[in-house]
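Colleague: Quick one: this structure, given as structure tokens, is what I'll be asking you about.
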Amino acid sequence: MLMYLIVALALCAVAHADDWTPKTGEEIRKIRVDCLKENPLSNDQISQLKNLIFPNEPDVRQYLTCSAIKLGIFCDQQGYHADRLAKQFKMDLSEEEALQIAQSCVDDNAQKSPTDVWAFRGHQCMMASKIGDKVRAFVKAKAEEAKKKAA
């Protein structure tokens, strides 16, 4: 019994020792490439993702789940980590505002959805929020910047 208690306490300590840091743009690109290799998408699906359109299709859900897990913002036991979501995607919002948004999108999967459906649900919520608006504006600005450089 004492051994069980020690193991349980050790597991709790590990779960709360969070040395996670937000991923850099380069780390995110590598994760996306890795997840695309593990979860191949059609050219049409890739084109939609580049335009920040996320079809509710198994392949897309699995790709997004892979990305979220490798980013360290989602795990199949607890779902999304609101604090990590806020740090990774706060854009120019305060961390408090980003955290409130993230917390509103996190659920405990009471309906016992498959992991990819659970992750997709949270992703859709985030993209429908002020954070999603900021992400779309950021991607649009980067695309316009790239066009100017190419011209």
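Numbering starts fresh at 1 for the residues of each chain in the structure tokens, the chains themselves are lettered A, B, ... in the order given, and ligands are numbered from 1 as they appear.
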Would you mind listing what lies within 10 Å of A:Ala119 as a list of chain:residue names, with only C-alpha atoms counted and same-chain residues fewer than 2 positions away left out?

Modeller: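 In the requested format, the answer is A:Arg61, A:Gln62, A:Leu64, A:Thr65, A:Cys66, A:Ala68, A:Ile69, A:Phe74, A:Cys75, A:Asp76, A:Gly79, A:Tyr80, A:Val106, A:Asp107, A:Asn109, A:Ser113, A:Pro114, A:Thr115, A:Asp116, A:Val117, A:Arg121, A:Gly122, A:His123, A:Gln124.
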
Colleague: Fewer than 6 positions away in the same chain doesn't count, so skip those; otherwise give me all residues within 12 Å of A:Arg136, counting only C-alpha atoms, as a list in words.

Modeller: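 Close residues of A:Arg136: Leu49, Lys50, Asn51, Leu52, Ile53, Phe89, Met91, Met126, Met127, Ala128, Ser129, Lys130, Lys142 and Ala143 of chain A.
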
Colleague: Take the residues from that selection and write them out as a CSV table (one decimal), in the first residue's frame, keeping C-alpha atoms.

Modeller:
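Printed below is out00.csv as written:
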```csv
chain,number,residue,atom,x,y,z
A,49,LEU,CA,-5.5,23.8,-44.9
A,50,LYS,CA,-3.3,26.4,-46.4
A,51,ASN,CA,-6.4,28.6,-46.7
A,52,LEU,CA,-7.3,27.8,-43.0
A,53,ILE,CA,-10.3,25.7,-44.1
A,89,PHE,CA,-1.4,31.0,-29.8
A,91,MET,CA,-0.7,36.3,-30.8
A,126,MET,CA,-10.2,27.9,-31.2
A,127,MET,CA,-10.4,28.8,-34.8
A,128,ALA,CA,-13.9,30.3,-34.3
A,129,SER,CA,-12.6,32.5,-31.5
A,130,LYS,CA,-10.7,35.8,-31.4
A,142,LYS,CA,2.6,36.5,-44.1
A,143,ALA,CA,1.2,35.4,-47.5
```

Colleague: Just list the residues in stretch 53-114 of chain A DSSP gives strand (DSSP E) on the backbone, as a ChimeraX atom specification.

Modeller: /A:74-75,79-80

Colleague: Using 8 Å as the limit and counting only C-alpha atoms, can you tabulate each residue of stretch 45-104 of chain A that touches stretch 17-31 of chain A, with its shortest atom-to-atom distance in Å and the two atoms involved, as CSV?

Modeller:
```
residue,atom,partner,partner_atom,distance
A:Ser67,CA,A:Ile31,CA,6.2
A:Lys70,CA,A:Ile31,CA,6.5
A:Leu71,CA,A:Lys23,CA,6.8
A:Gly72,CA,A:Trp20,CA,7.5
A:Arg84,CA,A:Pro22,CA,7.3
A:Lys87,CA,A:Pro22,CA,6.3
A:Gln88,CA,A:Pro22,CA,5.0
```

Colleague: Take the residues that were just selected and, keeping C-alpha atoms, output them as a PDB file, in the first residue's frame.

Modeller:
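That gives us again35.pdb:
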```
ATOM      1  CA  SER A  67       0.140  18.187 -34.808  1.00  0.00           C
ATOM      2  CA  LYS A  70       3.539  16.869 -31.101  1.00  0.00           C
ATOM      3  CA  LEU A  71       3.131  20.549 -30.209  1.00  0.00           C
ATOM      4  CA  GLY A  72       2.464  19.360 -26.668  1.00  0.00           C
ATOM      5  CA  ARG A  84      -0.247  25.754 -23.285  1.00  0.00           C
ATOM      6  CA  LYS A  87       0.989  30.498 -24.535  1.00  0.00           C
ATOM      7  CA  GLN A  88       1.388  29.023 -28.025  1.00  0.00           C
TER       8      GLN A  88
END
```

Colleague: Quick one: of A:Val60, A:Ala82, A:Cys125, A:Leu36, who's nearest to A:Glu97, counting only C-alpha atoms?

Modeller: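 Among A:Val60, A:Ala82, A:Cys125, A:Leu36, it is A:Ala82 that comes nearest to A:Glu97.
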
Colleague: Figure out the distance between atom CA of A:Asp92 and atom CA of A:Val135, please, to one decimal in Å.

Modeller: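 Calculated distance between atom CA of A:Val135 and atom CA of A:Asp92 is 10.1 Å.
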
Colleague: Record the distance separating atom CA of A:Gln45 and atom CA of A:Asp59, expressed in Å with one decimal.

Modeller: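 Between atom CA of A:Gln45 and atom CA of A:Asp59 the gap is 8.8 Å.
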
Colleague: Taking the DSSP secondary structure from the backbone, can you list the residues of stretch 31-87 of chain A that are alpha helix (DSSP H), as a ChimeraX atom specification?

Modeller: /A:31-38,43-50,58-71,82-87

Colleague: For atom CA of A:His81 and atom CA of A:Ala102, determine how far apart the two atoms are, in Å to one decimal place.

Modeller: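 Computing it gives 8.3 Å between the two atoms.
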